[in-house]
$ cat data_9.txt   # compact mmCIF, C-alpha atoms
# COMPACT_ATOMS: atom_id res chain seq x y z
CA MET L 1 35.09 46.26 60.67
CA THR L 2 32.20 44.14 61.71
CA ILE L 3 28.68 44.71 60.59
CA GLU L 4 25.99 43.70 62.98
CA ILE L 5 22.67 42.97 61.37
CA LYS L 6 19.79 43.75 63.64
CA THR L 7 16.10 43.37 63.16
CA SER L 8 13.80 45.80 64.82
CA THR L 9 10.31 44.63 65.59
CA LEU L 10 7.45 46.93 64.79
CA GLU L 11 4.39 46.12 66.84
CA PRO L 12 1.31 46.43 64.66
CA ILE L 13 -1.06 49.09 65.98
CA ARG L 14 -3.96 46.66 65.84
CA HIS L 15 -4.20 42.92 65.23
CA THR L 16 -7.75 42.81 63.98
CA PHE L 17 -11.07 44.68 63.87
CA GLU L 18 -12.45 46.13 67.09
CA HIS L 19 -15.51 43.87 67.06
CA THR L 20 -13.40 40.78 66.46
CA LYS L 21 -11.07 41.87 69.24
CA ARG L 22 -14.00 42.26 71.65
CA ARG L 23 -15.07 38.69 70.97
CA PHE L 24 -11.78 36.80 70.64
CA GLY L 25 -9.22 39.01 72.39
CA ASP L 26 -6.42 41.16 71.05
CA LYS L 27 -4.51 38.72 68.85
CA PRO L 28 -4.27 38.00 65.14
CA ALA L 29 -7.69 36.66 64.13
CA SER L 30 -8.37 34.08 61.45
CA ARG L 31 -10.01 35.10 58.20
CA TYR L 32 -13.00 33.01 59.19
CA GLN L 33 -13.44 34.95 62.41
CA GLU L 34 -13.06 38.29 60.69
CA ALA L 35 -15.47 37.41 57.92
CA SER L 36 -18.15 35.78 60.05
CA TYR L 37 -18.58 37.19 63.53
CA ASP L 38 -20.60 40.25 64.52
CA ILE L 39 -21.09 41.32 60.92
CA ALA L 40 -24.87 41.63 60.64
CA PRO L 41 -26.12 44.69 62.56
CA GLU L 42 -28.16 44.07 65.70
CA GLN L 43 -29.25 47.54 66.69
CA ASN L 44 -29.86 51.13 65.57
CA PHE L 45 -32.02 50.21 62.59
CA HIS L 46 -33.59 53.25 60.99
CA TYR L 47 -36.57 51.62 59.37
CA ARG L 48 -38.70 48.60 59.94
CA PRO L 49 -39.31 46.42 56.89
CA LEU L 50 -42.47 47.46 55.03
CA TRP L 51 -43.41 43.83 54.54
CA GLN L 52 -43.27 43.08 58.27
CA PRO L 53 -43.56 46.30 60.29
CA ASP L 54 -43.79 44.53 63.65
CA LYS L 55 -40.22 43.23 63.36
CA GLU L 56 -36.80 44.64 62.65
CA LEU L 57 -34.29 43.43 60.10
CA PHE L 58 -32.50 40.32 61.44
CA ASP L 59 -35.06 40.20 64.24
CA LYS L 60 -34.33 37.41 66.70
CA SER L 61 -38.02 36.74 67.24
CA ARG L 62 -38.45 35.10 63.82
CA THR L 63 -37.81 31.77 65.47
CA ALA L 64 -39.13 30.22 68.67
CA VAL L 65 -35.61 29.11 69.52
CA VAL L 66 -33.83 31.59 71.80
CA MET L 67 -30.10 32.22 71.88
CA GLU L 68 -28.53 34.71 74.26
CA ASP L 69 -25.98 35.37 71.54
CA TRP L 70 -26.32 33.81 68.08
CA ASN L 71 -22.66 34.45 67.46
CA VAL L 72 -21.62 31.57 69.70
CA HIS L 73 -22.16 29.25 66.74
CA LYS L 74 -19.20 27.98 64.79
CA ASP L 75 -18.96 26.19 61.49
CA PRO L 76 -16.45 23.38 62.12
CA ARG L 77 -15.40 23.65 58.46
CA GLN L 78 -14.74 27.36 58.96
CA TYR L 79 -16.30 28.28 55.66
CA TYR L 80 -16.47 31.87 54.63
CA TYR L 81 -16.86 32.77 50.98
CA GLY L 82 -13.20 32.14 50.05
CA THR L 83 -12.72 28.77 51.77
CA TYR L 84 -16.18 27.59 50.73
CA VAL L 85 -15.54 28.29 47.07
CA GLN L 86 -12.14 26.63 47.20
CA ALA L 87 -13.49 23.51 48.89
CA ARG L 88 -16.36 23.16 46.40
CA ALA L 89 -14.13 23.83 43.39
CA LYS L 90 -11.92 20.97 44.53
CA LEU L 91 -14.88 18.63 44.97
CA GLN L 92 -16.35 19.66 41.65
CA GLU L 93 -13.12 19.07 39.78
CA VAL L 94 -13.16 15.43 40.84
CA THR L 95 -16.83 15.11 39.97
CA GLU L 96 -16.43 16.64 36.52
CA SER L 97 -13.68 14.19 35.71
CA ASN L 98 -15.92 11.32 36.89
CA TYR L 99 -18.75 12.51 34.67
CA SER L 100 -16.59 12.90 31.61
CA PHE L 101 -15.06 9.46 32.23
CA PHE L 102 -18.55 7.99 32.48
CA GLU L 103 -19.49 9.62 29.21
CA LYS L 104 -16.24 8.85 27.39
CA ARG L 105 -16.39 5.15 28.21
CA GLY L 106 -20.06 4.95 27.27
CA MET L 107 -20.96 3.47 30.62
CA ALA L 108 -24.60 4.37 30.22
CA ASP L 109 -24.84 1.93 27.28
CA ARG L 110 -23.51 -0.86 29.45
CA MET L 111 -26.32 -0.49 31.96
CA ASN L 112 -29.36 -2.59 31.14
CA ASP L 113 -32.69 -0.88 30.56
CA GLU L 114 -34.15 -2.11 33.80
CA VAL L 115 -31.41 -0.49 35.86
CA LYS L 116 -31.70 2.72 33.86
CA ALA L 117 -35.44 2.80 34.38
CA LYS L 118 -34.98 2.27 38.09
CA ILE L 119 -32.50 5.14 38.35
CA ILE L 120 -34.87 7.41 36.43
CA ARG L 121 -37.73 6.46 38.68
CA CYS L 122 -35.98 6.46 42.05
CA LEU L 123 -33.12 8.94 41.76
CA VAL L 124 -33.68 11.57 39.06
CA PRO L 125 -36.98 12.94 40.49
CA LEU L 126 -34.95 13.90 43.56
CA ARG L 127 -33.79 16.95 41.62
CA HIS L 128 -37.15 18.54 42.38
CA ALA L 129 -36.72 17.72 46.06
CA GLU L 130 -33.25 19.27 45.94
CA LEU L 131 -34.68 22.46 44.51
CA GLY L 132 -37.12 22.49 47.43
CA ALA L 133 -34.18 22.03 49.79
CA ASN L 134 -32.47 24.92 48.03
CA MET L 135 -35.43 27.19 48.68
CA ASN L 136 -35.83 26.05 52.27
CA ASN L 137 -32.21 26.75 53.09
CA MET L 138 -32.39 30.05 51.28
CA TYR L 139 -35.39 30.93 53.44
CA ALA L 140 -33.46 30.19 56.62
CA PHE L 141 -30.61 32.26 55.23
CA SER L 142 -32.86 35.23 54.53
CA TYR L 143 -34.62 35.37 57.87
CA GLY L 144 -32.00 33.95 60.21
CA THR L 145 -29.96 35.92 62.69
CA ALA L 146 -26.17 36.48 62.71
CA THR L 147 -23.84 36.02 59.75
CA VAL L 148 -22.03 33.10 61.30
CA VAL L 149 -25.26 31.07 61.21
CA ASN L 150 -26.70 32.52 58.01
CA GLN L 151 -23.75 31.96 55.76
CA GLY L 152 -23.93 28.24 56.49
CA PHE L 153 -27.48 28.21 55.17
CA LEU L 154 -26.48 30.10 52.06
CA TYR L 155 -23.67 27.66 51.24
CA HIS L 156 -25.93 24.70 52.01
CA SER L 157 -28.56 26.22 49.75
CA MET L 158 -26.22 26.71 46.80
CA ASP L 159 -24.91 23.17 47.25
CA ARG L 160 -28.44 21.86 46.89
CA LEU L 161 -28.85 23.68 43.62
CA GLY L 162 -25.59 22.11 42.45
CA ILE L 163 -26.82 18.66 43.45
CA ALA L 164 -30.10 19.23 41.58
CA GLN L 165 -28.02 20.05 38.49
CA TYR L 166 -25.91 16.92 38.88
CA LEU L 167 -29.09 14.84 39.17
CA SER L 168 -30.33 16.39 35.94
CA ARG L 169 -27.05 15.50 34.29
CA ILE L 170 -27.42 11.90 35.45
CA GLY L 171 -30.76 11.90 33.65
CA LEU L 172 -29.18 13.35 30.51
CA LEU L 173 -26.36 10.82 30.57
CA LEU L 174 -28.87 7.98 30.73
CA ASP L 175 -31.15 9.19 27.95
CA GLY L 176 -28.43 10.37 25.56
CA ASN L 177 -29.21 14.08 26.04
CA SER L 178 -32.75 13.73 24.78
CA THR L 179 -34.28 15.09 28.07
CA ASP L 180 -36.83 12.24 27.96
CA SER L 181 -35.70 11.04 31.37
CA LEU L 182 -36.15 14.51 32.86
CA ALA L 183 -39.70 14.72 31.54
CA ALA L 184 -40.40 11.23 32.89
CA ALA L 185 -38.87 12.13 36.25
CA LYS L 186 -41.05 15.25 36.45
CA GLU L 187 -44.06 13.08 35.79
CA PHE L 188 -43.01 10.70 38.60
CA TRP L 189 -42.57 13.67 40.93
CA MET L 190 -45.99 15.03 40.07
CA SER L 191 -48.09 11.87 39.98
CA ASP L 192 -46.24 8.67 40.97
CA PRO L 193 -47.73 7.53 44.33
CA ALA L 194 -44.23 6.66 45.60
CA TRP L 195 -43.14 10.29 45.30
CA GLN L 196 -46.26 12.10 46.48
CA GLY L 197 -45.36 11.78 50.15
CA LEU L 198 -41.98 13.42 49.71
CA ARG L 199 -43.48 16.12 47.50
CA ARG L 200 -46.12 16.89 50.12
CA TYR L 201 -43.47 17.02 52.85
CA ILE L 202 -41.26 19.43 50.88
CA GLU L 203 -44.20 21.63 49.99
CA ASN L 204 -45.31 21.72 53.61
CA VAL L 205 -41.86 22.81 54.72
CA LEU L 206 -41.93 25.58 52.12
CA CYS L 207 -44.87 27.07 54.05
CA VAL L 208 -43.28 26.98 57.51
CA GLU L 209 -42.56 30.45 58.89
CA ASP L 210 -40.12 29.69 61.66
CA TRP L 211 -36.71 29.49 59.97
CA PHE L 212 -35.14 27.24 62.58
CA GLU L 213 -38.04 24.85 62.26
CA VAL L 214 -37.34 24.81 58.51
CA PHE L 215 -33.76 23.85 59.33
CA ILE L 216 -34.95 21.00 61.55
CA ALA L 217 -37.56 19.73 59.08
CA GLN L 218 -35.30 19.94 56.02
CA ASP L 219 -31.65 19.60 56.97
CA VAL L 220 -31.93 17.50 60.09
CA VAL L 221 -34.92 15.20 59.73
CA LEU L 222 -35.58 14.82 56.02
CA ASP L 223 -32.02 14.94 54.72
CA THR L 224 -30.77 12.37 57.22
CA LEU L 225 -33.47 9.95 56.07
CA VAL L 226 -33.25 10.68 52.34
CA TYR L 227 -29.46 10.70 52.11
CA ASP L 228 -29.18 7.43 53.97
CA LEU L 229 -31.96 5.90 51.89
CA ILE L 230 -30.84 7.04 48.44
CA TYR L 231 -27.12 7.63 48.58
CA ARG L 232 -26.27 4.66 50.78
CA GLN L 233 -29.00 2.02 50.64
CA PHE L 234 -30.20 2.65 47.08
CA ASP L 235 -26.59 2.88 45.96
CA GLU L 236 -25.96 -0.59 47.44
CA ALA L 237 -29.16 -2.00 45.96
CA ILE L 238 -28.47 -0.73 42.46
CA THR L 239 -24.89 -2.01 42.63
CA GLU L 240 -26.30 -5.48 43.30
CA GLN L 241 -28.48 -5.14 40.23
CA GLY L 242 -25.61 -4.26 37.92
CA GLY L 243 -25.66 -0.48 38.11
CA SER L 244 -22.42 -0.07 40.04
CA ASP L 245 -21.17 2.63 37.65
CA LEU L 246 -23.77 4.98 39.11
CA ALA L 247 -21.47 5.26 42.11
CA MET L 248 -19.19 7.53 40.06
CA LEU L 249 -22.02 9.95 39.48
CA ILE L 250 -23.30 10.22 43.04
CA GLU L 251 -19.97 10.46 44.80
CA PHE L 252 -20.38 14.23 44.93
CA MET L 253 -23.58 13.89 46.93
CA GLN L 254 -21.99 11.42 49.33
CA GLU L 255 -18.91 13.54 49.91
CA TRP L 256 -20.97 16.69 50.17
CA TYR L 257 -23.30 15.12 52.69
CA LYS L 258 -20.40 14.16 54.93
CA ASP L 259 -19.08 17.69 54.74
CA GLY L 260 -22.46 19.39 55.24
CA SER L 261 -23.37 17.12 58.15
CA ARG L 262 -20.53 18.52 60.21
CA TRP L 263 -22.10 21.96 59.99
CA VAL L 264 -25.65 20.69 60.57
CA ASP L 265 -24.55 18.72 63.65
CA ALA L 266 -22.60 21.63 65.11
CA THR L 267 -25.45 24.09 64.58
CA LEU L 268 -27.95 21.69 66.10
CA LYS L 269 -25.77 20.82 69.07
CA THR L 270 -24.96 24.43 69.96
CA THR L 271 -28.61 25.47 69.79
CA VAL L 272 -29.91 22.48 71.74
CA GLY L 273 -27.22 22.93 74.39
CA GLU L 274 -28.11 26.60 74.96
CA SER L 275 -31.17 26.03 77.16
CA GLU L 276 -33.87 23.64 78.26
CA HIS L 277 -36.38 25.76 76.34
CA ASN L 278 -34.49 25.18 73.08
CA ARG L 279 -34.15 21.49 73.75
CA GLU L 280 -37.88 21.14 74.31
CA THR L 281 -38.83 23.24 71.29
CA ILE L 282 -36.49 21.37 68.98
CA SER L 283 -37.49 17.93 70.30
CA ARG L 284 -41.11 18.83 69.62
CA TRP L 285 -40.30 19.86 66.05
CA VAL L 286 -38.19 16.78 65.49
CA ALA L 287 -40.94 14.48 66.75
CA GLU L 288 -43.58 16.15 64.56
CA TRP L 289 -41.53 16.21 61.38
CA GLN L 290 -40.03 12.79 61.91
CA GLU L 291 -43.46 11.22 62.10
CA LYS L 292 -44.50 12.88 58.84
CA ALA L 293 -41.22 12.16 57.09
CA VAL L 294 -41.24 8.46 57.95
CA ALA L 295 -44.81 8.05 56.73
CA ASP L 296 -44.15 10.09 53.56
CA LEU L 297 -40.92 8.32 52.67
CA THR L 298 -42.03 4.75 53.26
CA PRO L 299 -43.49 4.16 49.75
CA LEU L 300 -40.32 5.51 48.13
CA ALA L 301 -38.12 3.43 50.43
CA GLU L 302 -40.02 0.26 49.51
CA LEU L 303 -39.77 1.05 45.82
CA ALA L 304 -36.12 2.04 45.82
CA VAL L 305 -34.66 -0.47 48.26
CA GLY L 306 -37.29 -2.75 49.74
CA GLU L 307 -39.14 -3.62 52.92
CA GLY L 308 -37.60 -2.34 56.12
CA ALA L 309 -35.30 0.19 54.45
CA ILE L 310 -36.99 3.09 56.19
CA ASP L 311 -36.38 1.52 59.62
CA VAL L 312 -32.66 1.55 58.92
CA CYS L 313 -32.88 5.27 58.03
CA VAL L 314 -34.76 6.00 61.24
CA GLU L 315 -32.05 4.28 63.24
CA VAL L 316 -29.44 6.49 61.57
CA LEU L 317 -31.51 9.58 62.38
CA ASN L 318 -31.98 8.58 66.00
CA LYS L 319 -28.26 8.05 66.43
CA ARG L 320 -27.59 11.47 64.96
CA LEU L 321 -30.14 13.15 67.23
CA ALA L 322 -28.73 11.42 70.29
CA LYS L 323 -25.30 12.86 69.47
CA ALA L 324 -26.79 16.35 69.47
CA GLY L 325 -28.31 15.75 72.90
CA LEU L 326 -31.92 15.15 71.86
CA MET B 1 17.50 21.66 80.41
CA SER B 2 17.43 23.38 77.04
CA LYS B 3 14.51 24.72 75.20
CA ALA B 4 12.90 22.85 72.31
CA TYR B 5 11.73 25.34 69.72
CA ILE B 6 10.07 25.65 66.37
CA ALA B 7 9.65 28.65 64.08
CA LEU B 8 6.91 28.95 61.50
CA GLN B 9 6.15 31.51 58.84
CA ASP B 10 3.59 34.00 60.02
CA ASN B 11 0.60 33.20 57.82
CA GLU B 12 -3.05 32.19 58.03
CA GLU B 13 -2.34 28.47 58.20
CA SER B 14 0.36 28.79 60.85
CA HIS B 15 -2.03 30.56 63.19
CA TYR B 16 -4.05 27.37 63.50
CA ILE B 17 -0.91 25.34 64.13
CA VAL B 18 0.25 27.82 66.76
CA GLU B 19 -3.14 27.70 68.44
CA ALA B 20 -2.94 23.90 68.54
CA ILE B 21 0.60 23.98 69.94
CA GLU B 22 -0.50 26.42 72.63
CA GLU B 23 -3.27 24.05 73.63
CA ASP B 24 -1.10 20.93 73.72
CA ASN B 25 1.85 22.65 75.43
CA PRO B 26 0.43 24.94 78.09
CA THR B 27 3.88 26.04 79.26
CA ALA B 28 5.14 27.05 75.81
CA THR B 29 6.05 30.66 75.02
CA VAL B 30 4.93 32.12 71.71
CA ILE B 31 7.06 34.90 70.30
CA TYR B 32 5.76 36.89 67.34
CA GLN B 33 8.68 38.12 65.26
CA PRO B 34 8.57 39.90 61.91
CA ALA B 35 7.00 37.40 59.47
CA MET B 36 7.82 34.55 61.84
CA ILE B 37 6.32 32.92 64.89
CA ARG B 38 8.68 31.20 67.26
CA ILE B 39 7.43 28.83 69.92
CA GLU B 40 9.67 27.49 72.61
CA ASN B 41 9.19 25.24 75.57
CA GLU B 42 11.44 23.86 78.26
CA GLY B 43 12.49 20.28 77.40
CA SER B 44 9.89 19.26 74.82
CA LEU B 45 7.35 20.49 72.34
CA VAL B 46 4.63 18.45 70.67
CA ILE B 47 2.34 19.05 67.68
CA LYS B 48 -0.66 16.76 67.41
CA ARG B 49 -2.48 16.16 64.16
CA GLU B 50 -5.87 15.86 65.83
CA THR B 51 -5.64 19.21 67.59
CA VAL B 52 -4.49 21.01 64.44
CA GLU B 53 -7.30 19.42 62.41
CA ASP B 54 -9.76 20.50 65.05
CA LYS B 55 -8.52 24.10 64.86
CA MET B 56 -8.44 24.16 61.05
CA GLY B 57 -11.71 22.34 60.52
CA ARG B 58 -10.27 20.08 57.86
CA ASP B 59 -7.91 17.15 57.37
CA TRP B 60 -4.26 17.96 57.85
CA GLU B 61 -1.16 15.80 57.54
CA ILE B 62 1.80 16.15 59.83
CA GLN B 63 4.09 16.46 56.78
CA ALA B 64 2.24 19.62 55.78
CA LEU B 65 3.99 21.25 58.72
CA HIS B 66 7.07 21.57 56.52
CA VAL B 67 5.29 23.97 54.18
CA ASN B 68 5.40 26.66 56.84
CA LEU B 69 8.44 25.51 58.79
CA ILE B 70 11.45 27.83 59.10
CA THR B 71 13.59 26.16 61.71
CA LEU B 72 13.44 23.90 64.71
CA GLY B 73 15.55 22.75 67.64
CA GLY B 74 15.36 19.40 69.37
CA ASN B 75 15.46 15.72 68.51
CA VAL B 76 12.63 15.00 66.13
CA ASP B 77 10.18 12.18 66.59
CA GLU B 78 7.59 12.14 63.86
CA ASP B 79 4.77 9.78 62.91
CA ASP B 80 1.34 10.11 61.32
CA ASP B 81 -0.30 11.51 64.42
CA GLN B 82 2.26 13.72 66.07
CA PHE B 83 5.50 15.61 65.67
CA SER B 84 7.56 16.10 68.80
CA LEU B 85 10.78 17.82 69.68
CA THR B 86 12.78 16.82 72.77
CA TRP B 87 16.29 17.22 74.02
CA LYS B 88 17.61 13.83 75.06
CA GLN B 89 20.42 14.46 77.49

$ encode --input "data_9.txt" --output "structure tokens"
Amino acid sequence: MTIEIKTSTLEPIRHTFEHTKRRFGDKPASRYQEASYDIAPEQNFHYRPLWQPDKELFDKSRTAVVMEDWNVHKDPRQYYYGTYVQARAKLQEVTESNYSFFEKRGMADRMNDEVKAKIIRCLVPLRHAELGANMNNMYAFSYGTATVVNQGFLYHSMDRLGIAQYLSRIGLLLDGNSTDSLAAAKEFWMSDPAWQGLRRYIENVLCVEDWFEVFIAQDVVLDTLVYDLIYRQFDEAITEQGGSDLAMLIEFMQEWYKDGSRWVDATLKTTVGESEHNRETISRWVAEWQEKAVADLTPLAELAVGEGAIDVCVEVLNKRLAKAGL
Amino acid sequence: MSKAYIALQDNEESHYIVEAIEEDNPTATVIYQPAMIRIENEGSLVIKRETVEDKMGRDWEIQALHVNLITLGGNVDEDDDQFSLTWKQ
């Protein structure tokens, strides 16, 4: 007797949600697509918000930028909650081991006082700027349209809080957990002339109402300049001066910036490419904020790195903008 | 000519690989079987690292293909950037 083994194929009744199917066709969808697209409601709202009765929830008119469909955006990293958390956990694991190595080997004691003082003056006060960046991204998250765009802002925002915490820990590592460096850094942030420009810039952005303008001012213009200045140029400068072990502590920021930039670039490019109106609006914002940012950052750039450092940052920013079609 | 083919487990990661294969091999046929996706193409089939990375949105090594691989048919040519199956006759 022979036994013939047969498999019978059962066609699934549906491959994915109806709204995902409408956008991507009737085929198995990725988790990212299912978790991100067409999630936030766009119509049939019962009530208008009490705090802004002229607009609806997720109203598209909260920014001057116009998109026919905000759901055409895509995060190249395809982060939804699950993948985002996994990616950050991985990055954090490496960072934690770097920090404990730094502490275990007493590397802070091997840095001379001058280098330590420079780090406390030029790097640690950034934790206040990072908190500002956290709030700015959270603002864009709250008032933005479409989950696929918003979630990027939320992740970016939480990352900034994490970076602010790592900067605080750098301070604690340098002052032997006495919090003296954090108090000193706060003082620099509040009254040191080198930091007042950046503080003014951040505080101005906190007052901007248009959430896409906030994105441009914070994530595109300011971050490009600051991250190149501090995490590349200052890193090189401090290495020259004998503080090369700092590199272990700021690797998180460097890796994160590379990762986050992919999302910033994609969001910028898609929005700029949508229409001539968007291109003009965004170029105007970029020009305005860039002028302020360069003026406000120059004193810090001269203090942290030296003459001409800011020009190098501007070049990096211009290259980045050109890639986005601006 | 015979068909070069590859079968992958039907999971989240494979979907990206399948999408990339579809893009790089426009004539390939994709057959969804229970828990398995079989892709076949007349003569040759190629998987490119760059396309898969683009679909996944992260770095991906060609060797990672083996995690989801069930079976394949064809003469294998593999390097860091691509994995191809051909029938040399």

$ interface_residues --input "data_9.txt" --of "chain L" --to "chain B" --cutoff "7 Å" --atoms "only C-alpha atoms" --output "CSV table (one decimal) with C-alpha atoms, keeping the file's coordinate frame"
chain,number,residue,atom,x,y,z
L,9,THR,CA,10.3,44.6,65.6
L,30,SER,CA,-8.4,34.1,61.4
L,76,PRO,CA,-16.4,23.4,62.1
L,77,ARG,CA,-15.4,23.6,58.5
L,78,GLN,CA,-14.7,27.4,59.0

$ residues_around --input "data_9.txt" --residues "His277 (chain L)" --least-positions-apart "4" --cutoff "10 Å" --atoms "only C-alpha atoms" --output "list in words"
Ala64, Val65, Val66, Val272, Gly273, Thr281, Ile282 and Ser283 of chain L

$ residues_around --input "data_9.txt" --residues "Met1 (chain B)" --least-positions-apart "4" --cutoff "12 Å" --atoms "only C-alpha atoms" --output "PyMOL selection string"
chain B and resi 41-44+74+86-89

$ axis_aligned_box --input "data_9.txt" --around "region 72-88 of chain B" --padding-each-side "6 Å" --output "AutoDock Vina command-line options"
--center_x 8.7 --center_y 16.8 --center_z 68.2 --size_x 29.9 --size_y 26.1 --size_z 25.7

$ residues_around --input "data_9.txt" --residues "Gln63 (chain B)" --least-positions-apart "4" --cutoff "10 Å" --atoms "all atoms listed in the file" --output "number ranges by chain"
B: 49, 67, 78-80, 82-83

$ atom_distance --input "data_9.txt" --atom1 "CA of Lys323 (chain L)" --atom2 "CA of Val85 (chain L)"
28.9 Å

$ residues_around --input "data_9.txt" --residues "Ile47 (chain B)" --least-positions-apart "3" --cutoff "12 Å" --atoms "all atoms listed in the file" --output "ChimeraX atom specification"
/B:5-6,16-25,28,39,44,50-53,60-65,76-86

$ write_last_selection --input "data_9.txt" --atoms "C-alpha atoms" --output "PDB file, keeping the file's coordinate frame"
ATOM      1  CA  TYR B   5      11.730  25.340  69.720  1.00  0.00           C
ATOM      2  CA  ILE B   6      10.070  25.650  66.370  1.00  0.00           C
ATOM      3  CA  TYR B  16      -4.050  27.370  63.500  1.00  0.00           C
ATOM      4  CA  ILE B  17      -0.910  25.340  64.130  1.00  0.00           C
ATOM      5  CA  VAL B  18       0.250  27.820  66.760  1.00  0.00           C
ATOM      6  CA  GLU B  19      -3.140  27.700  68.440  1.00  0.00           C
ATOM      7  CA  ALA B  20      -2.940  23.900  68.540  1.00  0.00           C
ATOM      8  CA  ILE B  21       0.600  23.980  69.940  1.00  0.00           C
ATOM      9  CA  GLU B  22      -0.500  26.420  72.630  1.00  0.00           C
ATOM     10  CA  GLU B  23      -3.270  24.050  73.630  1.00  0.00           C
ATOM     11  CA  ASP B  24      -1.100  20.930  73.720  1.00  0.00           C
ATOM     12  CA  ASN B  25       1.850  22.650  75.430  1.00  0.00           C
ATOM     13  CA  ALA B  28       5.140  27.050  75.810  1.00  0.00           C
ATOM     14  CA  ILE B  39       7.430  28.830  69.920  1.00  0.00           C
ATOM     15  CA  SER B  44       9.890  19.260  74.820  1.00  0.00           C
ATOM     16  CA  GLU B  50      -5.870  15.860  65.830  1.00  0.00           C
ATOM     17  CA  THR B  51      -5.640  19.210  67.590  1.00  0.00           C
ATOM     18  CA  VAL B  52      -4.490  21.010  64.440  1.00  0.00           C
ATOM     19  CA  GLU B  53      -7.300  19.420  62.410  1.00  0.00           C
ATOM     20  CA  TRP B  60      -4.260  17.960  57.850  1.00  0.00           C
ATOM     21  CA  GLU B  61      -1.160  15.800  57.540  1.00  0.00           C
ATOM     22  CA  ILE B  62       1.800  16.150  59.830  1.00  0.00           C
ATOM     23  CA  GLN B  63       4.090  16.460  56.780  1.00  0.00           C
ATOM     24  CA  ALA B  64       2.240  19.620  55.780  1.00  0.00           C
ATOM     25  CA  LEU B  65       3.990  21.250  58.720  1.00  0.00           C
ATOM     26  CA  VAL B  76      12.630  15.000  66.130  1.00  0.00           C
ATOM     27  CA  ASP B  77      10.180  12.180  66.590  1.00  0.00           C
ATOM     28  CA  GLU B  78       7.590  12.140  63.860  1.00  0.00           C
ATOM     29  CA  ASP B  79       4.770   9.780  62.910  1.00  0.00           C
ATOM     30  CA  ASP B  80       1.340  10.110  61.320  1.00  0.00           C
ATOM     31  CA  ASP B  81      -0.300  11.510  64.420  1.00  0.00           C
ATOM     32  CA  GLN B  82       2.260  13.720  66.070  1.00  0.00           C
ATOM     33  CA  PHE B  83       5.500  15.610  65.670  1.00  0.00           C
ATOM     34  CA  SER B  84       7.560  16.100  68.800  1.00  0.00           C
ATOM     35  CA  LEU B  85      10.780  17.820  69.680  1.00  0.00           C
ATOM     36  CA  THR B  86      12.780  16.820  72.770  1.00  0.00           C
TER      37      THR B  86
END

$ residues_around --input "data_9.txt" --residues "region 38-48 of chain L" --least-positions-apart "5" --cutoff "12 Å" --atoms "all atoms listed in the file" --output "JSON list (two decimals) with C-alpha atoms, in the frame of the given file"
[["chain", "number", "residue", "atom", "x", "y", "z"],
["L", 17, "PHE", "CA", -11.07, 44.68, 63.87],
["L", 18, "GLU", "CA", -12.45, 46.13, 67.09],
["L", 19, "HIS", "CA", -15.51, 43.87, 67.06],
["L", 20, "THR", "CA", -13.40, 40.78, 66.46],
["L", 21, "LYS", "CA", -11.07, 41.87, 69.24],
["L", 22, "ARG", "CA", -14.00, 42.26, 71.65],
["L", 23, "ARG", "CA", -15.07, 38.69, 70.97],
["L", 24, "PHE", "CA", -11.78, 36.80, 70.64],
["L", 32, "TYR", "CA", -13.00, 33.01, 59.19],
["L", 33, "GLN", "CA", -13.44, 34.95, 62.41],
["L", 53, "PRO", "CA", -43.56, 46.30, 60.29],
["L", 54, "ASP", "CA", -43.79, 44.53, 63.65],
["L", 55, "LYS", "CA", -40.22, 43.23, 63.36],
["L", 56, "GLU", "CA", -36.80, 44.64, 62.65],
["L", 57, "LEU", "CA", -34.29, 43.43, 60.10],
["L", 58, "PHE", "CA", -32.50, 40.32, 61.44],
["L", 59, "ASP", "CA", -35.06, 40.20, 64.24],
["L", 60, "LYS", "CA", -34.33, 37.41, 66.70],
["L", 69, "ASP", "CA", -25.98, 35.37, 71.54],
["L", 70, "TRP", "CA", -26.32, 33.81, 68.08],
["L", 71, "ASN", "CA", -22.66, 34.45, 67.46],
["L", 72, "VAL", "CA", -21.62, 31.57, 69.70],
["L", 73, "HIS", "CA", -22.16, 29.25, 66.74],
["L", 142, "SER", "CA", -32.86, 35.23, 54.53],
["L", 143, "TYR", "CA", -34.62, 35.37, 57.87],
["L", 144, "GLY", "CA", -32.00, 33.95, 60.21],
["L", 145, "THR", "CA", -29.96, 35.92, 62.69],
["L", 146, "ALA", "CA", -26.17, 36.48, 62.71],
["L", 147, "THR", "CA", -23.84, 36.02, 59.75],
["L", 148, "VAL", "CA", -22.03, 33.10, 61.30],
["L", 149, "VAL", "CA", -25.26, 31.07, 61.21],
["L", 150, "ASN", "CA", -26.70, 32.52, 58.01],
["L", 151, "GLN", "CA", -23.75, 31.96, 55.76]]

$ atom_distance --input "data_9.txt" --atom1 "CA of Lys292 (chain L)" --atom2 "CA of Tyr201 (chain L)"
7.4 Å

$ closest_residue --input "data_9.txt" --among "L:Leu229, L:Lys104, L:Ile238, L:Phe215" --to "Phe141 (chain L)" --atoms "only C-alpha atoms"
L:Phe215
